[in-house]
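entry-v7.txt follows (compact mmCIF, C-alpha atoms):
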```
# COMPACT_ATOMS: atom_id res chain seq x y z
CA MET E 1220 40.25 281.72 -127.07
CA SER E 1221 37.17 280.08 -128.58
CA ASN E 1222 37.20 276.42 -129.62
CA HIS E 1223 36.82 277.50 -133.21
CA ASN E 1224 39.94 279.70 -133.06
CA ALA E 1225 41.93 276.99 -131.26
CA ALA E 1226 40.96 274.52 -133.98
CA ASN E 1227 41.96 276.93 -136.72
CA GLU E 1228 45.29 277.67 -135.06
CA ALA E 1229 46.19 273.98 -134.58
CA ALA E 1230 45.20 273.09 -138.14
CA ALA E 1231 47.19 276.05 -139.51
CA GLN E 1232 50.42 274.53 -138.16
CA ILE E 1233 50.02 271.46 -140.37
CA GLN E 1234 51.64 271.90 -143.77
CA PRO E 1235 49.24 271.26 -146.67
CA ALA E 1236 49.56 268.10 -148.77
CA LYS E 1237 50.84 269.82 -151.91
CA GLY E 1238 52.26 267.98 -154.92
CA LYS E 1239 53.19 264.32 -155.34
CA LEU E 1240 53.65 261.87 -152.46
CA GLY E 1241 56.25 259.24 -153.34
CA VAL E 1242 55.71 255.82 -151.77
CA MET E 1243 58.89 253.72 -151.59
CA ILE E 1244 58.46 250.00 -150.88
CA PRO E 1245 61.23 247.53 -150.09
CA GLY E 1246 59.72 244.16 -151.10
CA MET E 1247 57.25 244.49 -153.98
CA GLY E 1248 55.47 241.15 -153.61
CA ALA E 1249 51.87 240.22 -152.72
CA VAL E 1250 51.07 243.07 -150.28
CA ALA E 1251 52.78 245.81 -152.31
CA THR E 1252 51.24 244.80 -155.66
CA THR E 1253 47.79 244.44 -154.05
CA LEU E 1254 48.16 247.92 -152.51
CA ILE E 1255 49.38 249.58 -155.73
CA ALA E 1256 46.92 247.84 -158.05
CA GLY E 1257 44.14 248.65 -155.58
CA VAL E 1258 45.01 252.35 -155.40
CA GLU E 1259 45.02 252.56 -159.20
CA ALA E 1260 41.67 250.69 -159.42
CA VAL E 1261 40.17 253.19 -156.93
CA ARG E 1262 41.62 256.15 -158.87
CA LYS E 1263 40.11 254.79 -162.08
CA GLY E 1264 36.73 254.34 -160.40
CA PHE E 1265 36.73 250.51 -160.74
CA ALA E 1266 36.60 249.89 -156.98
CA LYS E 1267 36.12 251.40 -153.51
CA PRO E 1268 38.94 251.59 -150.91
CA ILE E 1269 37.22 249.12 -148.57
CA GLY E 1270 39.16 248.48 -145.35
CA SER E 1271 40.80 251.91 -145.37
CA LEU E 1272 39.94 253.99 -142.32
CA ALA E 1273 41.68 257.02 -143.84
CA GLU E 1274 39.55 256.90 -147.00
CA MET E 1275 36.20 255.53 -145.77
CA GLY E 1276 36.15 256.18 -142.01
CA THR E 1277 34.35 259.01 -140.23
CA ILE E 1278 35.27 260.89 -137.06
CA ARG E 1279 32.78 262.30 -134.56
CA LEU E 1280 33.36 265.90 -133.50
CA GLY E 1281 31.59 267.32 -130.45
CA LYS E 1282 28.53 265.83 -128.75
CA ARG E 1283 26.38 263.03 -130.15
CA THR E 1284 23.49 265.50 -130.37
CA GLU E 1285 25.44 267.71 -132.80
CA GLY E 1286 25.46 265.06 -135.53
CA ASN E 1287 28.90 266.16 -136.78
CA SER E 1288 30.81 263.16 -138.17
CA PRO E 1289 32.83 264.13 -141.26
CA LEU E 1290 34.93 261.70 -143.26
CA ILE E 1291 38.46 261.54 -141.81
CA LYS E 1292 39.88 262.52 -145.21
CA ASP E 1293 37.70 265.68 -145.17
CA PHE E 1294 38.74 266.50 -141.59
CA VAL E 1295 42.55 266.19 -141.76
CA PRO E 1296 44.70 267.27 -144.74
CA LEU E 1297 45.66 263.86 -146.16
CA ALA E 1298 47.38 263.34 -149.51
CA ASP E 1299 44.94 262.72 -152.35
CA LEU E 1300 45.11 259.21 -153.84
CA ASN E 1301 45.68 260.81 -157.25
CA ASP E 1302 48.95 262.28 -155.93
CA LEU E 1303 50.49 258.93 -154.93
CA VAL E 1304 53.52 257.77 -156.96
CA PHE E 1305 55.04 254.33 -156.33
CA THR E 1306 58.52 252.86 -156.56
CA GLY E 1307 60.53 250.28 -154.63
CA TRP E 1308 63.02 247.46 -154.59
CA ASP E 1309 62.60 243.74 -155.13
CA ILE E 1310 64.86 240.70 -155.38
CA PHE E 1311 62.85 238.99 -158.13
CA GLY E 1312 62.89 241.58 -160.91
CA GLY E 1313 60.19 241.99 -163.57
CA ASN E 1314 57.52 244.70 -163.58
CA LEU E 1315 54.61 244.91 -161.15
CA TYR E 1316 52.14 243.34 -163.55
CA ASP E 1317 54.31 240.19 -163.59
CA ALA E 1318 54.76 240.39 -159.81
CA ALA E 1319 51.00 240.71 -159.25
CA LYS E 1320 50.36 237.71 -161.53
CA THR E 1321 52.91 235.67 -159.55
CA ALA E 1322 51.31 236.68 -156.24
CA GLN E 1323 47.89 235.43 -157.48
CA VAL E 1324 45.95 237.66 -155.10
CA LEU E 1325 43.95 239.71 -157.59
CA ASP E 1326 41.74 238.49 -160.38
CA ARG E 1327 43.41 238.47 -163.83
CA ASP E 1328 40.57 240.54 -165.36
CA GLN E 1329 41.02 243.18 -162.67
CA LEU E 1330 44.77 243.28 -163.26
CA ASP E 1331 44.29 243.59 -167.02
CA GLN E 1332 42.19 246.75 -166.53
CA ILE E 1333 45.28 248.47 -165.10
CA LYS E 1334 47.96 246.44 -166.91
CA PRO E 1335 49.79 249.41 -168.55
CA PHE E 1336 50.06 251.21 -165.20
CA LEU E 1337 51.51 248.15 -163.45
CA GLU E 1338 53.85 247.37 -166.33
CA GLY E 1339 55.23 250.90 -166.00
CA ILE E 1340 56.62 250.22 -162.50
CA GLU E 1341 59.84 248.22 -162.39
CA PRO E 1342 61.41 247.62 -158.97
CA MET E 1343 65.07 248.50 -158.44
CA PRO E 1344 67.59 245.81 -157.38
CA ALA E 1345 67.30 245.22 -153.63
CA VAL E 1346 69.66 244.95 -150.68
CA PHE E 1347 69.36 241.27 -149.80
CA ASP E 1348 71.26 238.66 -147.82
CA LYS E 1349 70.12 235.04 -147.78
CA HIS E 1350 71.37 234.69 -144.21
CA TYR E 1351 68.29 236.65 -143.02
CA VAL E 1352 65.71 234.97 -145.31
CA LYS E 1353 66.99 231.46 -146.01
CA ARG E 1354 64.09 230.24 -148.14
CA LEU E 1355 64.45 232.89 -150.86
CA ASP E 1356 67.05 233.37 -153.59
CA GLY E 1357 67.67 236.88 -154.86
CA LYS E 1358 67.79 237.44 -158.61
CA LYS E 1359 68.18 241.26 -158.63
CA VAL E 1360 70.43 242.12 -155.73
CA LYS E 1361 72.73 245.08 -155.09
CA THR E 1362 76.43 244.37 -154.52
CA GLY E 1363 78.73 246.59 -152.51
CA ARG E 1364 81.99 246.70 -150.56
CA SER E 1365 80.17 246.88 -147.22
CA LYS E 1366 76.75 247.38 -145.65
CA CYS E 1367 77.62 251.08 -145.51
CA ASP E 1368 78.16 251.05 -149.29
CA LEU E 1369 74.79 249.29 -149.78
CA ALA E 1370 73.07 251.81 -147.50
CA ASN E 1371 74.50 254.66 -149.55
CA GLN E 1372 73.25 253.00 -152.75
CA ILE E 1373 69.74 253.06 -151.21
CA ARG E 1374 70.25 256.74 -150.34
CA ASN E 1375 71.16 257.41 -153.97
CA ASP E 1376 67.96 255.63 -155.12
CA ILE E 1377 65.97 257.78 -152.67
CA ALA E 1378 67.71 260.97 -153.81
CA GLU E 1379 66.78 260.26 -157.41
CA PHE E 1380 63.14 259.59 -156.49
CA LYS E 1381 63.11 262.90 -154.57
CA THR E 1382 63.65 264.71 -157.87
CA LYS E 1383 60.34 263.26 -159.19
CA THR E 1384 58.19 263.70 -156.06
CA ASP E 1385 57.51 266.42 -153.47
CA ARG E 1386 57.32 264.29 -150.30
CA GLN E 1387 58.16 260.65 -149.62
CA VAL E 1388 57.29 257.80 -147.25
CA MET E 1389 58.92 254.34 -147.04
CA ILE E 1390 57.00 251.21 -146.02
CA TRP E 1391 58.73 247.84 -145.56
CA CYS E 1392 56.64 245.11 -147.22
CA GLY E 1393 59.53 242.63 -147.55
CA SER E 1394 59.66 239.13 -146.11
CA THR E 1395 60.08 238.41 -142.41
CA GLU E 1396 63.77 238.27 -141.49
CA ILE E 1397 65.28 235.86 -138.96
CA PHE E 1398 64.85 236.56 -135.26
CA LEU E 1399 67.45 239.03 -133.92
CA GLU E 1400 67.93 240.19 -130.33
CA PRO E 1401 69.00 243.81 -129.72
CA LYS E 1402 72.81 243.85 -129.42
CA GLU E 1403 75.57 246.36 -128.66
CA VAL E 1404 75.68 247.49 -132.30
CA HIS E 1405 72.04 248.61 -132.01
CA SER E 1406 72.58 250.63 -128.80
CA THR E 1407 73.76 253.95 -130.27
CA LEU E 1408 73.78 255.61 -133.66
CA GLU E 1409 77.57 255.86 -133.57
CA LYS E 1410 77.96 252.10 -132.96
CA PHE E 1411 75.36 251.31 -135.61
CA GLU E 1412 77.11 253.43 -138.26
CA LYS E 1413 80.43 251.80 -137.35
CA GLY E 1414 78.68 248.43 -137.71
CA LEU E 1415 77.58 249.37 -141.24
CA VAL E 1416 81.22 249.97 -142.19
CA ASN E 1417 82.35 246.75 -140.47
CA ASP E 1418 79.58 244.55 -141.98
CA ASP E 1419 78.19 243.64 -138.58
CA PRO E 1420 76.04 240.45 -138.91
CA ASP E 1421 73.46 241.92 -136.51
CA ILE E 1422 72.56 244.62 -139.05
CA ALA E 1423 69.84 243.11 -141.25
CA PRO E 1424 68.81 244.45 -144.69
CA SER E 1425 65.64 246.06 -143.26
CA MET E 1426 67.82 248.11 -140.87
CA ILE E 1427 69.93 249.28 -143.81
CA TYR E 1428 66.77 250.59 -145.54
CA ALA E 1429 65.52 252.21 -142.32
CA TRP E 1430 68.85 253.99 -141.68
CA ALA E 1431 69.08 255.24 -145.29
CA CYS E 1432 65.46 256.38 -145.14
CA LEU E 1433 65.82 258.32 -141.86
CA LYS E 1434 69.10 259.88 -143.01
CA GLU E 1435 67.17 261.20 -146.01
CA GLY E 1436 64.52 262.66 -143.70
CA ILE E 1437 61.78 260.26 -144.84
CA PRO E 1438 59.22 258.56 -142.53
CA PHE E 1439 59.76 254.79 -142.18
CA ILE E 1440 57.05 252.17 -141.52
CA ASN E 1441 57.85 248.53 -140.71
CA GLY E 1442 55.10 246.18 -141.90
CA ALA E 1443 56.96 242.99 -140.87
CA PRO E 1444 57.83 241.60 -137.41
CA ASN E 1445 61.62 241.85 -137.76
CA LEU E 1446 63.81 243.96 -135.48
CA THR E 1447 64.31 247.03 -137.68
CA VAL E 1448 63.57 250.57 -136.61
CA ASP E 1449 62.72 249.56 -133.02
CA ILE E 1450 66.35 249.78 -131.81
CA PRO E 1451 67.83 252.65 -129.76
CA ALA E 1452 70.23 253.68 -132.56
CA LEU E 1453 67.46 254.28 -135.10
CA GLN E 1454 64.94 255.60 -132.56
CA ASP E 1455 67.52 258.23 -131.56
CA LEU E 1456 68.15 259.09 -135.21
CA SER E 1457 64.39 259.37 -135.80
CA LYS E 1458 63.93 261.73 -132.83
CA GLN E 1459 67.03 263.84 -133.54
CA ALA E 1460 66.07 264.31 -137.17
CA GLY E 1461 62.36 264.78 -136.36
CA VAL E 1462 61.39 262.00 -138.77
CA PRO E 1463 58.38 259.77 -137.91
CA THR E 1464 58.71 255.99 -137.56
CA ALA E 1465 56.03 253.34 -137.01
CA GLY E 1466 55.85 249.58 -136.59
CA LYS E 1467 55.68 246.72 -136.49
CA ASP E 1468 53.98 243.85 -138.32
CA PHE E 1469 50.63 244.58 -140.01
CA LYS E 1470 47.72 243.40 -137.85
CA THR E 1471 45.74 241.50 -140.44
CA GLY E 1472 43.99 238.17 -139.75
CA GLN E 1473 44.30 236.04 -136.67
CA THR E 1474 45.84 238.69 -134.41
CA PHE E 1475 43.16 241.16 -135.52
CA MET E 1476 40.58 238.67 -134.19
CA LYS E 1477 42.59 238.18 -130.98
CA THR E 1478 42.66 241.92 -130.26
CA VAL E 1479 38.87 242.00 -130.66
CA LEU E 1480 38.01 238.89 -128.59
CA ALA E 1481 40.53 239.13 -125.73
CA PRO E 1482 39.32 242.62 -124.68
CA ALA E 1483 35.75 241.25 -124.67
CA PHE E 1484 36.70 238.47 -122.22
CA LYS E 1485 38.59 240.90 -119.98
CA THR E 1486 35.80 243.50 -120.05
CA ARG E 1487 33.33 240.82 -118.85
CA MET E 1488 35.84 239.28 -116.39
CA LEU E 1489 35.62 235.88 -118.08
CA GLY E 1490 38.60 233.58 -117.48
CA LEU E 1491 40.88 232.05 -120.14
CA SER E 1492 42.69 228.75 -119.74
CA GLY E 1493 44.03 228.20 -123.23
CA TRP E 1494 44.22 229.67 -126.73
CA TYR E 1495 45.43 227.50 -129.58
CA SER E 1496 46.03 229.26 -132.89
CA THR E 1497 47.12 227.67 -136.12
CA ASN E 1498 47.45 229.07 -139.62
CA ILE E 1499 47.79 227.50 -143.04
CA LEU E 1500 48.96 229.63 -145.93
CA GLY E 1501 50.76 229.04 -149.17
CA ASN E 1502 52.13 232.37 -150.36
CA ARG E 1503 55.78 233.51 -150.21
CA ASP E 1504 55.17 234.61 -146.63
CA GLY E 1505 54.26 231.03 -145.72
CA GLU E 1506 57.35 229.69 -147.48
CA VAL E 1507 59.65 232.11 -145.63
CA LEU E 1508 57.97 231.39 -142.26
CA ASP E 1509 58.46 227.66 -142.83
CA ASP E 1510 62.03 228.28 -141.63
CA PRO E 1511 62.21 228.11 -137.78
CA ASP E 1512 64.43 231.22 -137.42
CA ASN E 1513 62.02 233.35 -139.44
CA PHE E 1514 58.98 231.83 -137.71
CA LYS E 1515 60.41 232.80 -134.30
CA THR E 1516 60.32 236.46 -135.35
CA LYS E 1517 56.62 236.16 -136.25
CA GLU E 1518 55.81 234.04 -133.19
CA GLU E 1519 57.13 236.72 -130.82
CA THR E 1520 54.73 239.36 -132.22
CA LYS E 1521 51.77 236.96 -132.23
CA LEU E 1522 52.33 235.63 -128.69
CA GLY E 1523 52.80 239.00 -126.95
CA VAL E 1524 49.25 240.21 -127.58
CA LEU E 1525 47.33 238.28 -124.90
CA ASP E 1526 49.62 239.09 -121.98
CA TYR E 1527 49.39 242.81 -122.60
CA ILE E 1528 45.61 242.84 -123.08
CA LEU E 1529 44.66 240.49 -120.23
CA GLN E 1530 47.21 241.72 -117.64
CA PRO E 1531 47.57 238.43 -115.72
CA ASP E 1532 49.43 240.21 -112.87
CA LEU E 1533 46.31 242.27 -112.15
CA HIS E 1534 43.90 239.35 -112.70
CA PRO E 1535 45.69 236.16 -111.56
CA ASP E 1536 42.46 234.21 -110.93
CA LEU E 1537 41.42 234.66 -114.54
CA TYR E 1538 44.61 234.78 -116.63
CA LYS E 1539 47.62 233.59 -114.64
CA ASP E 1540 48.24 230.24 -116.33
CA ILE E 1541 47.05 230.64 -119.92
CA TYR E 1542 48.37 228.05 -122.35
CA HIS E 1543 48.93 230.02 -125.56
CA LYS E 1544 50.15 228.25 -128.68
CA VAL E 1545 50.68 229.72 -132.16
CA ARG E 1546 51.55 227.68 -135.26
CA ILE E 1547 52.04 228.65 -138.91
CA ASN E 1548 52.03 225.87 -141.48
CA TYR E 1549 53.15 226.30 -145.05
CA TYR E 1550 50.54 224.73 -147.33
CA PRO E 1551 51.08 225.71 -151.00
CA PRO E 1552 47.55 224.94 -152.36
CA ARG E 1553 46.11 227.84 -150.31
CA GLY E 1554 48.22 230.60 -151.86
CA ASP E 1555 47.35 233.96 -150.31
CA ASN E 1556 44.01 232.68 -148.98
CA LYS E 1557 45.06 231.93 -145.44
CA GLU E 1558 43.07 229.96 -142.89
CA GLY E 1559 43.48 231.11 -139.31
CA TRP E 1560 41.92 228.63 -136.89
CA ASP E 1561 41.53 229.35 -133.17
CA ASN E 1562 40.36 227.14 -130.36
CA ILE E 1563 39.71 229.19 -127.22
CA ASP E 1564 39.00 227.62 -123.82
CA ILE E 1565 37.33 230.11 -121.50
CA PHE E 1566 35.64 229.72 -118.11
CA GLY E 1567 32.84 231.64 -116.43
CA TRP E 1568 30.76 231.80 -113.26
CA LEU E 1569 31.99 229.29 -110.62
CA GLY E 1570 34.74 228.18 -113.02
CA TYR E 1571 32.49 226.38 -115.54
CA PRO E 1572 34.33 225.81 -118.86
CA MET E 1573 33.17 227.01 -122.30
CA GLN E 1574 34.73 226.96 -125.75
CA ILE E 1575 34.86 229.33 -128.69
CA LYS E 1576 36.10 228.30 -132.11
CA VAL E 1577 36.97 230.79 -134.83
CA ASP E 1578 37.77 229.81 -138.39
CA PHE E 1579 38.86 232.88 -140.33
CA LEU E 1580 39.25 232.18 -144.05
CA CYS E 1581 41.01 235.39 -144.83
CA ARG E 1582 42.98 236.88 -147.70
CA ASP E 1583 46.20 238.11 -146.19
CA SER E 1584 47.10 240.77 -148.74
CA ILE E 1585 43.49 241.98 -149.11
CA LEU E 1586 43.52 242.75 -145.36
CA ALA E 1587 47.06 244.19 -145.38
CA ALA E 1588 46.77 246.51 -148.42
CA PRO E 1589 44.36 249.07 -146.86
CA LEU E 1590 46.43 249.08 -143.66
CA ALA E 1591 49.52 249.91 -145.72
CA LEU E 1592 47.62 252.69 -147.51
CA ASP E 1593 46.41 254.23 -144.24
CA LEU E 1594 49.90 254.10 -142.77
CA VAL E 1595 51.38 255.86 -145.80
CA LEU E 1596 48.73 258.61 -145.61
CA PHE E 1597 48.90 259.07 -141.83
CA MET E 1598 52.72 258.99 -141.68
CA ASP E 1599 52.86 261.66 -144.38
CA LEU E 1600 50.40 263.68 -142.27
CA ALA E 1601 52.61 263.16 -139.17
CA ASN E 1602 55.62 264.39 -141.14
CA ARG E 1603 53.73 267.64 -141.94
CA THR E 1604 52.51 268.09 -138.34
CA PRO E 1605 55.10 269.72 -136.01
CA ALA E 1606 53.54 268.25 -132.83
CA LEU E 1607 53.80 264.67 -134.19
CA LYS E 1608 56.98 264.97 -136.23
CA LYS E 1609 59.15 265.84 -133.23
CA LEU E 1610 58.11 262.64 -131.39
CA GLY E 1611 59.83 260.33 -133.87
CA MET E 1612 57.91 257.18 -132.89
CA GLN E 1613 54.17 257.39 -133.79
CA GLU E 1614 52.53 255.25 -131.12
CA TRP E 1615 49.06 256.58 -132.04
CA LEU E 1616 49.24 254.29 -135.11
CA SER E 1617 49.31 251.13 -132.91
CA PHE E 1618 45.89 250.31 -134.42
CA TYR E 1619 47.67 248.92 -137.50
CA PHE E 1620 50.30 246.69 -135.87
CA LYS E 1621 50.68 243.33 -134.12
CA ALA E 1622 53.64 244.58 -132.08
CA PRO E 1623 53.29 248.36 -131.72
CA THR E 1624 56.55 250.15 -130.95
CA VAL E 1625 56.41 252.15 -127.72
CA PRO E 1626 58.88 254.30 -125.77
CA GLU E 1627 61.00 252.51 -123.18
CA GLY E 1628 59.13 251.93 -119.92
CA LEU E 1629 55.70 251.82 -121.58
CA TYR E 1630 53.76 248.68 -122.46
CA PRO E 1631 52.04 248.61 -125.85
CA GLU E 1632 48.27 248.99 -126.13
CA HIS E 1633 46.85 246.03 -128.09
CA ASP E 1634 43.08 246.38 -127.55
CA LEU E 1635 41.74 247.29 -131.02
CA PHE E 1636 39.07 249.64 -129.64
CA ILE E 1637 41.44 251.56 -127.36
CA GLN E 1638 43.85 251.78 -130.31
CA SER E 1639 41.05 253.19 -132.48
CA MET E 1640 40.18 255.79 -129.82
CA LYS E 1641 43.86 256.73 -129.47
CA LEU E 1642 44.14 257.23 -133.24
CA LYS E 1643 40.99 259.35 -133.58
CA ASN E 1644 41.75 261.43 -130.48
CA THR E 1645 45.21 262.17 -131.90
CA LEU E 1646 43.58 263.45 -135.09
CA ARG E 1647 41.16 265.59 -133.04
CA HIS E 1648 44.08 266.90 -130.95
CA ILE E 1649 46.25 268.01 -133.89
CA MET E 1650 43.24 269.77 -135.42
CA GLY E 1651 42.45 271.61 -132.17
CA GLU E 1652 39.14 269.79 -131.60
CA GLY E 1653 37.89 268.52 -128.24
CA LEU E 1654 38.73 264.91 -127.36
CA ILE E 1655 35.93 262.36 -127.06
CA THR E 1656 35.91 260.75 -123.61
CA HIS E 1657 32.52 258.96 -123.84
CA LEU E 1658 31.76 260.25 -120.31
CA GLY E 1659 28.16 260.88 -121.30
CA LEU E 1660 27.14 262.80 -118.17
CA ASP E 1661 27.16 266.18 -119.87
CA TYR E 1662 23.92 265.33 -121.71
CA TYR E 1663 21.93 265.18 -118.46
CA GLY E 1664 22.15 268.68 -116.95
CA ASP E 1665 23.13 269.36 -113.33
```

Now that the file is in, can you turn its structure into structure tokens?
Amino acid sequence: MSNHNAANEAAAQIQPAKGKLGVMIPGMGAVATTLIAGVEAVRKGFAKPIGSLAEMGTIRLGKRTEGNSPLIKDFVPLADLNDLVFTGWDIFGGNLYDAAKTAQVLDRDQLDQIKPFLEGIEPMPAVFDKHYVKRLDGKKVKTGRSKCDLANQIRNDIAEFKTKTDRQVMIWCGSTEIFLEPKEVHSTLEKFEKGLVNDDPDIAPSMIYAWACLKEGIPFINGAPNLTVDIPALQDLSKQAGVPTAGKDFKTGQTFMKTVLAPAFKTRMLGLSGWYSTNILGNRDGEVLDDPDNFKTKEETKLGVLDYILQPDLHPDLYKDIYHKVRINYYPPRGDNKEGWDNIDIFGWLGYPMQIKVDFLCRDSILAAPLALDLVLFMDLANRTPALKKLGMQEWLSFYFKAPTVPEGLYPEHDLFIQSMKLKNTLRHIMGEGLITHLGLDYYGD
């Protein structure tokens, strides 16, 4: 079979992106409002979708000499931005224009250009329990006899939204919940569903959303570091039902920099003795993470990165005794404009020490919004692609996460450039195109 025919056959198995794609968001705060306002601004022609690989990225097909690098959105059948419809849940009430004003990420003039659109979206009351996010008080919160009752209320919300849209995706943009270890209740679907009925304290609100979402056959993305869909019970449900899941924790500022710099040190065999990272931010995220139990959840995803990239077991002389420290400090004057400061102590030839200092004055939600958009578009694609759908967990989307979920027995890939290659090769694979290996020898004859 020719390459052309193979490509046509693979692409033919992917269902087309027909009709409206409904995007359901638990937690309609800074990230969600920045995403939704941004999508509308792009649709209206006021802005470009900068930071979105799905919308602005290209993908090379074939040899370098062929000069064939279409836009990703022209290569794979992604949903059109004009077909996106948004809804969600939030504990604070009010419409999205009010929520976006409170978040103070986007310029008031920019918001006013799309004010009627944002005012037309009112979040539904959320499933919320202060035990998991101590620093916040819920104003619009669902009540129910049990966690099972609350989960079914979410399913009813989803069912109603299904009547207005053709396909759906859910993306968790809520606050970071307290640190939870996997327990017995998470081990099987049967035990988990029993735990819902019995109000098990180890079932957090995000897990209730994830269960309801998967039961409704909808892909679920976890944008926060909490234990949610990365438990055996929900992974089994995802695989059985053939519903994609992805997570966790959007890779936005400081960790984005880490997954660029650490591979560079390892590639050059430069040693690392210490990496001190501190952050100051003043948005709701900062307020929630000011609580030690919630910070521990975030710390785990931020600390894991270096060990996996540098592989100290393979390179003990270079990376065995790294001192790695991560701090997050709540500092209200900064709002969403976070400062991520890194001091990196490296050593080179003959052990001579050097230092690198990085001061990243970043806008958390401005970096997160395009990641959320890409994830929505790619997860919808996965749900229409038989070869990806049956996997459940979508490890090829590791590019977007601080703590990528991987099957048991595998370690996650954190190197940003390997993640990028994994993502693009997956797109080539599902479209029946040849994979790019960067071998390079086939340009030079025999």

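For the atom pair formed by atom CA of E:Phe1579 and atom CA of E:Thr1474, the distance is 10.8 Å, given to one decimal.
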
Where does stretch 1233-1279 of chain E meet stretch 1413-1435 of chain E within 12 Å, residue by residue, with the nearest atom pair and distance in Å to one decimal for each, counting all atoms listed in the file, listed by chain and rising number, as CSV?
```
residue,atom,partner,partner_atom,distance
E:Val1242,CA,E:Cys1432,CA,11.8
E:Met1243,CA,E:Cys1432,CA,9.6
E:Ile1244,CA,E:Tyr1428,CA,9.9
E:Pro1245,CA,E:Tyr1428,CA,7.8
E:Gly1246,CA,E:Ser1425,CA,10.0
```

Cut-off 6 Å around (44.4, 241.0, -141.1) with all atoms listed in the file: residues as a list of chain:residue names
E:Lys1470, E:Thr1471, E:Gly1472, E:Phe1475, E:Leu1586, E:Ala1587

E:Phe1618: which residues within 7 Å, counting only C-alpha atoms, same-chain residues fewer than 4 positions away excluded, as a PDB file with C-alpha atoms, in the coordinates of the input?
```pdb
ATOM      1  CA  LEU E1635      41.740 247.290-131.020  1.00  0.00           C
ATOM      2  CA  GLN E1638      43.850 251.780-130.310  1.00  0.00           C
ATOM      3  CA  SER E1639      41.050 253.190-132.480  1.00  0.00           C
TER       4      SER E1639
END
```

So that I can check the surroundings of E:Thr1478, please list as a CSV table (one decimal) with C-alpha atoms, in the coordinates of the input every protein, DNA and RNA residue that reaches within 12 Å of it, counting only C-alpha atoms and ignoring chain neighbours fewer than 6 positions away.
```
chain,number,residue,atom,x,y,z
E,1470,LYS,CA,47.7,243.4,-137.8
E,1471,THR,CA,45.7,241.5,-140.4
E,1472,GLY,CA,44.0,238.2,-139.8
E,1484,PHE,CA,36.7,238.5,-122.2
E,1485,LYS,CA,38.6,240.9,-120.0
E,1521,LYS,CA,51.8,237.0,-132.2
E,1522,LEU,CA,52.3,235.6,-128.7
E,1523,GLY,CA,52.8,239.0,-127.0
E,1524,VAL,CA,49.2,240.2,-127.6
E,1525,LEU,CA,47.3,238.3,-124.9
E,1526,ASP,CA,49.6,239.1,-122.0
E,1527,TYR,CA,49.4,242.8,-122.6
E,1528,ILE,CA,45.6,242.8,-123.1
E,1529,LEU,CA,44.7,240.5,-120.2
E,1617,SER,CA,49.3,251.1,-132.9
E,1618,PHE,CA,45.9,250.3,-134.4
E,1619,TYR,CA,47.7,248.9,-137.5
E,1620,PHE,CA,50.3,246.7,-135.9
E,1621,LYS,CA,50.7,243.3,-134.1
E,1622,ALA,CA,53.6,244.6,-132.1
E,1632,GLU,CA,48.3,249.0,-126.1
E,1633,HIS,CA,46.8,246.0,-128.1
E,1634,ASP,CA,43.1,246.4,-127.6
E,1635,LEU,CA,41.7,247.3,-131.0
E,1636,PHE,CA,39.1,249.6,-129.6
E,1637,ILE,CA,41.4,251.6,-127.4
E,1638,GLN,CA,43.8,251.8,-130.3
E,1639,SER,CA,41.0,253.2,-132.5
```

Contacts of E:Ile1499 at 10 Å (all atoms listed in the file; same-chain gap of 4+ positions) as a ChimeraX atom specification
/E:1505,1546-1560,1580

For stretch 1485-1497 of chain E, what centre and edge lengths in Å (one decimal) does the axis-aligned box get once 5 Å is added on each side of all its listed atoms, as JSON?
```
{"center_x": 40.2, "center_y": 235.5, "center_z": -126.3, "size_x": 23.8, "size_y": 26.0, "size_z": 29.7}
```

Using all atoms listed in the file, I'd like a table of the residues in stretch 1552-1614 of chain E that come within 10 Å of stretch 1486-1491 of chain E; for each, show the closest atom pair and its distance in Å rounded to one decimal, ordered by chain and ascending number, as CSV.
```
residue,atom,partner,partner_atom,distance
E:Ile1563,CA,E:Leu1491,CA,7.7
E:Asp1564,CA,E:Leu1491,CA,6.1
E:Ile1565,CA,E:Leu1491,CA,4.3
E:Phe1566,CA,E:Gly1490,CA,4.9
E:Gly1567,CA,E:Leu1489,CA,5.3
E:Trp1568,CA,E:Leu1489,CA,8.0
E:Gly1570,CA,E:Gly1490,CA,8.0
E:Tyr1571,CA,E:Gly1490,CA,9.6
E:Pro1572,CA,E:Gly1490,CA,9.0
E:Met1573,CA,E:Leu1491,CA,9.5
E:Gln1574,CA,E:Leu1491,CA,9.8
```

May I have the selected residues written with C-alpha atoms, as an mmCIF file, in the frame of the given file?
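The resulting result_23.cif:
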```cif
data_model
loop_
_atom_site.group_PDB
_atom_site.id
_atom_site.type_symbol
_atom_site.label_atom_id
_atom_site.label_comp_id
_atom_site.auth_asym_id
_atom_site.auth_seq_id
_atom_site.Cartn_x
_atom_site.Cartn_y
_atom_site.Cartn_z
ATOM 1 C CA ILE E 1563 39.710 229.190 -127.220
ATOM 2 C CA ASP E 1564 39.000 227.620 -123.820
ATOM 3 C CA ILE E 1565 37.330 230.110 -121.500
ATOM 4 C CA PHE E 1566 35.640 229.720 -118.110
ATOM 5 C CA GLY E 1567 32.840 231.640 -116.430
ATOM 6 C CA TRP E 1568 30.760 231.800 -113.260
ATOM 7 C CA GLY E 1570 34.740 228.180 -113.020
ATOM 8 C CA TYR E 1571 32.490 226.380 -115.540
ATOM 9 C CA PRO E 1572 34.330 225.810 -118.860
ATOM 10 C CA MET E 1573 33.170 227.010 -122.300
ATOM 11 C CA GLN E 1574 34.730 226.960 -125.750
#
```
